[in-house]
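Remarks on the structure that follows.
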Amino acid sequence: MFFTERPVSPFFGFFVFSLMGATLRWQWRGTLWTAVTALAAVIGMSLYPTDLFRDPEFELEMFIITIVCLAVVATLLDCLGAYEEKLRTELSGLAAWPPTVPEEAPAMAREMLEHTAGILGAPPMVLAWEEDEEPWLYLGLWSDGELQYTREPPASSSWLKGSNATGASAWR
């Protein structure tokens with residue numbers, strides 16, 4: 001912008017790339033500070049000439065549109081950075097599983113469902129599993145801070161396992 005001596009430069013698009021890089025590296029905080037710096041640079045370089053407003057080639061409308069566009073892009077990338085940070089926090093919370101695992105199935109189901117529901121903010125959750133060499137389907141329902149635990153006969157679980165016409169499970 002400085003070398004073209006115009007407040008509306010074709011190089012304005014490079015500011016958008018700096019905002020994208022800041023969003024990917026530092027999430028919303030980086031976007032905010034990079035946007036403030038970029039806006040200050042655009043305004044400073046645009047107002048650098050002392051007789052800018054008397055220049056007949058100066059387009060005030062384009063100057064304002066450029067500033068507004070940069071602010072809108074910064075706001076959108078700021079929201080994207082905040083969302084990405086929230087998602088990263090949730091995923092790291094799911095990955096950081098409790099260090100001790102109970103031996104009994106109901107206690108383990110309770111701990112798993114309570115941990116996952118707390119991170120995802122989804123109180124009603126269902127966990128279904130089968131144990132080796134047992135025909136039963138175990139179900140755990142987590143709702144309102146309580147676990148309902150049941151054991152169902154194998155015939156009632158065909159809808160869950162996706163049985164095909166021959167009776168063999170399609171999901172195993």
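Residue numbers start at 1 in each chain; chains themselves are named A, B, ... in the order of the structure tokens; ligands are numbered from 1 in the order shown.
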
request  = May I have the residues within 12 Å of Leu39 (chain A) as a ChimeraX atom specification, using only C-alpha atoms and disregarding those fewer than 4 positions away in the same chain?
outcome  = /A:12,15-16,18-19,31-35,43-46,63-64,66-74

Prev. selection, N, CA and C atoms, output as a PDB file, in the first residue's frame:
```
ATOM      1  N   PHE A  12      -4.113  -5.564  -0.481  1.00  0.00           N
ATOM      2  CA  PHE A  12      -4.953  -5.645   0.715  1.00  0.00           C
ATOM      3  C   PHE A  12      -5.249  -7.103   1.080  1.00  0.00           C
ATOM      4  N   PHE A  15      -3.459  -9.021   3.935  1.00  0.00           N
ATOM      5  CA  PHE A  15      -3.874  -8.885   5.328  1.00  0.00           C
ATOM      6  C   PHE A  15      -4.788 -10.038   5.728  1.00  0.00           C
ATOM      7  N   VAL A  16      -5.616 -10.502   4.809  1.00  0.00           N
ATOM      8  CA  VAL A  16      -6.509 -11.625   5.098  1.00  0.00           C
ATOM      9  C   VAL A  16      -5.699 -12.881   5.395  1.00  0.00           C
ATOM     10  N   SER A  18      -2.701 -13.008   6.661  1.00  0.00           N
ATOM     11  CA  SER A  18      -2.093 -12.869   7.989  1.00  0.00           C
ATOM     12  C   SER A  18      -3.123 -13.165   9.083  1.00  0.00           C
ATOM     13  N   LEU A  19      -4.367 -12.782   8.854  1.00  0.00           N
ATOM     14  CA  LEU A  19      -5.428 -13.088   9.819  1.00  0.00           C
ATOM     15  C   LEU A  19      -5.703 -14.588   9.886  1.00  0.00           C
ATOM     16  N   THR A  31      -6.125 -13.717  16.268  1.00  0.00           N
ATOM     17  CA  THR A  31      -6.898 -13.017  15.245  1.00  0.00           C
ATOM     18  C   THR A  31      -7.205 -11.596  15.690  1.00  0.00           C
ATOM     19  N   LEU A  32      -7.582 -11.449  16.936  1.00  0.00           N
ATOM     20  CA  LEU A  32      -7.913 -10.120  17.463  1.00  0.00           C
ATOM     21  C   LEU A  32      -6.716  -9.182  17.390  1.00  0.00           C
ATOM     22  N   TRP A  33      -5.567  -9.625  17.887  1.00  0.00           N
ATOM     23  CA  TRP A  33      -4.394  -8.754  17.901  1.00  0.00           C
ATOM     24  C   TRP A  33      -3.854  -8.503  16.492  1.00  0.00           C
ATOM     25  N   THR A  34      -3.914  -9.500  15.627  1.00  0.00           N
ATOM     26  CA  THR A  34      -3.469  -9.297  14.245  1.00  0.00           C
ATOM     27  C   THR A  34      -4.413  -8.344  13.525  1.00  0.00           C
ATOM     28  N   ALA A  35      -5.702  -8.443  13.797  1.00  0.00           N
ATOM     29  CA  ALA A  35      -6.669  -7.536  13.170  1.00  0.00           C
ATOM     30  C   ALA A  35      -6.447  -6.102  13.621  1.00  0.00           C
ATOM     31  N   ILE A  43      -4.937   1.945   8.151  1.00  0.00           N
ATOM     32  CA  ILE A  43      -5.335   3.335   8.402  1.00  0.00           C
ATOM     33  C   ILE A  43      -4.101   4.248   8.408  1.00  0.00           C
ATOM     34  N   GLY A  44      -3.027   3.792   9.042  1.00  0.00           N
ATOM     35  CA  GLY A  44      -1.812   4.601   9.095  1.00  0.00           C
ATOM     36  C   GLY A  44      -1.204   4.851   7.730  1.00  0.00           C
ATOM     37  N   MET A  45      -1.118   3.801   6.911  1.00  0.00           N
ATOM     38  CA  MET A  45      -0.542   3.970   5.571  1.00  0.00           C
ATOM     39  C   MET A  45      -1.470   4.770   4.664  1.00  0.00           C
ATOM     40  N   SER A  46      -2.752   4.674   4.909  1.00  0.00           N
ATOM     41  CA  SER A  46      -3.694   5.424   4.081  1.00  0.00           C
ATOM     42  C   SER A  46      -3.675   6.904   4.424  1.00  0.00           C
ATOM     43  N   PHE A  63     -12.105   3.477   0.653  1.00  0.00           N
ATOM     44  CA  PHE A  63     -11.296   3.414   1.864  1.00  0.00           C
ATOM     45  C   PHE A  63     -12.127   2.861   3.024  1.00  0.00           C
ATOM     46  N   ILE A  64     -13.337   3.341   3.169  1.00  0.00           N
ATOM     47  CA  ILE A  64     -14.222   2.873   4.245  1.00  0.00           C
ATOM     48  C   ILE A  64     -14.606   1.420   4.023  1.00  0.00           C
ATOM     49  N   THR A  66     -12.863  -0.842   2.490  1.00  0.00           N
ATOM     50  CA  THR A  66     -11.687  -1.647   2.777  1.00  0.00           C
ATOM     51  C   THR A  66     -11.550  -1.894   4.278  1.00  0.00           C
ATOM     52  N   ILE A  67     -11.723  -0.854   5.067  1.00  0.00           N
ATOM     53  CA  ILE A  67     -11.621  -0.990   6.519  1.00  0.00           C
ATOM     54  C   ILE A  67     -12.729  -1.901   7.052  1.00  0.00           C
ATOM     55  N   VAL A  68     -13.940  -1.721   6.564  1.00  0.00           N
ATOM     56  CA  VAL A  68     -15.071  -2.546   7.020  1.00  0.00           C
ATOM     57  C   VAL A  68     -14.864  -4.007   6.618  1.00  0.00           C
ATOM     58  N   CYS A  69     -14.386  -4.239   5.399  1.00  0.00           N
ATOM     59  CA  CYS A  69     -14.135  -5.618   4.955  1.00  0.00           C
ATOM     60  C   CYS A  69     -13.102  -6.298   5.839  1.00  0.00           C
ATOM     61  N   LEU A  70     -12.056  -5.595   6.157  1.00  0.00           N
ATOM     62  CA  LEU A  70     -11.028  -6.165   7.029  1.00  0.00           C
ATOM     63  C   LEU A  70     -11.609  -6.477   8.411  1.00  0.00           C
ATOM     64  N   ALA A  71     -12.437  -5.600   8.925  1.00  0.00           N
ATOM     65  CA  ALA A  71     -13.061  -5.828  10.235  1.00  0.00           C
ATOM     66  C   ALA A  71     -14.021  -7.023  10.197  1.00  0.00           C
ATOM     67  N   VAL A  72     -14.777  -7.172   9.119  1.00  0.00           N
ATOM     68  CA  VAL A  72     -15.720  -8.298   8.992  1.00  0.00           C
ATOM     69  C   VAL A  72     -14.960  -9.620   8.892  1.00  0.00           C
ATOM     70  N   VAL A  73     -13.919  -9.657   8.071  1.00  0.00           N
ATOM     71  CA  VAL A  73     -13.119 -10.877   7.942  1.00  0.00           C
ATOM     72  C   VAL A  73     -12.494 -11.234   9.286  1.00  0.00           C
ATOM     73  N   ALA A  74     -11.984 -10.226   9.997  1.00  0.00           N
ATOM     74  CA  ALA A  74     -11.394 -10.475  11.316  1.00  0.00           C
ATOM     75  C   ALA A  74     -12.433 -11.027  12.283  1.00  0.00           C
TER      76      ALA A  74
END
```

Within 12 Å of Thr116 (chain A), counting only C-alpha atoms, which residues show up once you throw out same-chain ones fewer than 5 positions away? Write them as a PDB file with N, CA and C atoms, in the first residue's frame, please.
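Below you can see selection30.pdb, which holds the result:
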```
ATOM      1  N   GLU A  90     -12.767 -29.864  24.056  1.00  0.00           N
ATOM      2  CA  GLU A  90     -13.634 -31.031  24.212  1.00  0.00           C
ATOM      3  C   GLU A  90     -12.911 -32.318  23.828  1.00  0.00           C
ATOM      4  N   LEU A  91     -12.212 -32.292  22.710  1.00  0.00           N
ATOM      5  CA  LEU A  91     -11.510 -33.499  22.261  1.00  0.00           C
ATOM      6  C   LEU A  91     -10.386 -33.889  23.211  1.00  0.00           C
ATOM      7  N   SER A  92      -9.664 -32.914  23.734  1.00  0.00           N
ATOM      8  CA  SER A  92      -8.597 -33.253  24.683  1.00  0.00           C
ATOM      9  C   SER A  92      -9.192 -33.780  25.990  1.00  0.00           C
ATOM     10  N   GLY A  93     -10.377 -33.285  26.368  1.00  0.00           N
ATOM     11  CA  GLY A  93     -11.051 -33.811  27.553  1.00  0.00           C
ATOM     12  C   GLY A  93     -11.493 -35.250  27.362  1.00  0.00           C
ATOM     13  N   LEU A  94     -11.954 -35.584  26.170  1.00  0.00           N
ATOM     14  CA  LEU A  94     -12.336 -36.966  25.890  1.00  0.00           C
ATOM     15  C   LEU A  94     -11.118 -37.871  25.843  1.00  0.00           C
ATOM     16  N   ALA A  95     -10.009 -37.352  25.324  1.00  0.00           N
ATOM     17  CA  ALA A  95      -8.801 -38.163  25.222  1.00  0.00           C
ATOM     18  C   ALA A  95      -8.148 -38.390  26.581  1.00  0.00           C
ATOM     19  N   ALA A  96      -8.310 -37.459  27.498  1.00  0.00           N
ATOM     20  CA  ALA A  96      -7.725 -37.583  28.836  1.00  0.00           C
ATOM     21  C   ALA A  96      -8.652 -38.416  29.704  1.00  0.00           C
ATOM     22  N   TRP A  97      -8.594 -39.700  29.521  1.00  0.00           N
ATOM     23  CA  TRP A  97      -9.481 -40.594  30.241  1.00  0.00           C
ATOM     24  C   TRP A  97      -9.005 -40.757  31.676  1.00  0.00           C
ATOM     25  N   PRO A  98      -9.898 -41.052  32.616  1.00  0.00           N
ATOM     26  CA  PRO A  98      -9.483 -41.239  34.009  1.00  0.00           C
ATOM     27  C   PRO A  98      -8.413 -42.327  34.120  1.00  0.00           C
ATOM     28  N   ALA A 109     -19.232 -48.423  33.358  1.00  0.00           N
ATOM     29  CA  ALA A 109     -20.208 -47.749  32.501  1.00  0.00           C
ATOM     30  C   ALA A 109     -20.593 -46.403  33.092  1.00  0.00           C
ATOM     31  N   ARG A 110     -20.789 -46.363  34.387  1.00  0.00           N
ATOM     32  CA  ARG A 110     -21.139 -45.102  35.056  1.00  0.00           C
ATOM     33  C   ARG A 110     -20.029 -44.067  34.872  1.00  0.00           C
ATOM     34  N   GLU A 111     -18.788 -44.473  35.091  1.00  0.00           N
ATOM     35  CA  GLU A 111     -17.664 -43.549  34.969  1.00  0.00           C
ATOM     36  C   GLU A 111     -17.499 -43.049  33.527  1.00  0.00           C
ATOM     37  N   GLY A 121     -21.662 -32.185  27.327  1.00  0.00           N
ATOM     38  CA  GLY A 121     -22.856 -31.460  27.740  1.00  0.00           C
ATOM     39  C   GLY A 121     -24.127 -32.113  27.232  1.00  0.00           C
ATOM     40  N   ALA A 122     -24.103 -33.428  27.124  1.00  0.00           N
ATOM     41  CA  ALA A 122     -25.258 -34.175  26.627  1.00  0.00           C
ATOM     42  C   ALA A 122     -25.686 -35.159  27.717  1.00  0.00           C
ATOM     43  N   PRO A 123     -26.541 -34.739  28.643  1.00  0.00           N
ATOM     44  CA  PRO A 123     -26.879 -35.590  29.783  1.00  0.00           C
ATOM     45  C   PRO A 123     -27.475 -36.954  29.422  1.00  0.00           C
ATOM     46  N   PRO A 124     -28.440 -37.062  28.511  1.00  0.00           N
ATOM     47  CA  PRO A 124     -28.929 -38.419  28.235  1.00  0.00           C
ATOM     48  C   PRO A 124     -27.980 -39.127  27.265  1.00  0.00           C
ATOM     49  N   MET A 125     -27.340 -40.202  27.749  1.00  0.00           N
ATOM     50  CA  MET A 125     -26.414 -40.969  26.920  1.00  0.00           C
ATOM     51  C   MET A 125     -26.669 -42.448  27.136  1.00  0.00           C
ATOM     52  N   VAL A 126     -26.385 -43.241  26.086  1.00  0.00           N
ATOM     53  CA  VAL A 126     -26.579 -44.684  26.157  1.00  0.00           C
ATOM     54  C   VAL A 126     -25.272 -45.377  25.791  1.00  0.00           C
ATOM     55  N   LEU A 127     -24.930 -46.409  26.508  1.00  0.00           N
ATOM     56  CA  LEU A 127     -23.765 -47.240  26.227  1.00  0.00           C
ATOM     57  C   LEU A 127     -24.245 -48.675  26.109  1.00  0.00           C
ATOM     58  N   TRP A 142     -27.420 -43.121  30.946  1.00  0.00           N
ATOM     59  CA  TRP A 142     -27.029 -42.042  31.851  1.00  0.00           C
ATOM     60  C   TRP A 142     -27.969 -40.878  31.630  1.00  0.00           C
TER      61      TRP A 142
END
```

task = Taking the DSSP assignment computed from this structure's backbone, write out as a PyMOL selection string all residues of region 117-161 of chain A that belong to helix (DSSP H, G or I).
result = chain A and resi 117-120+154-161
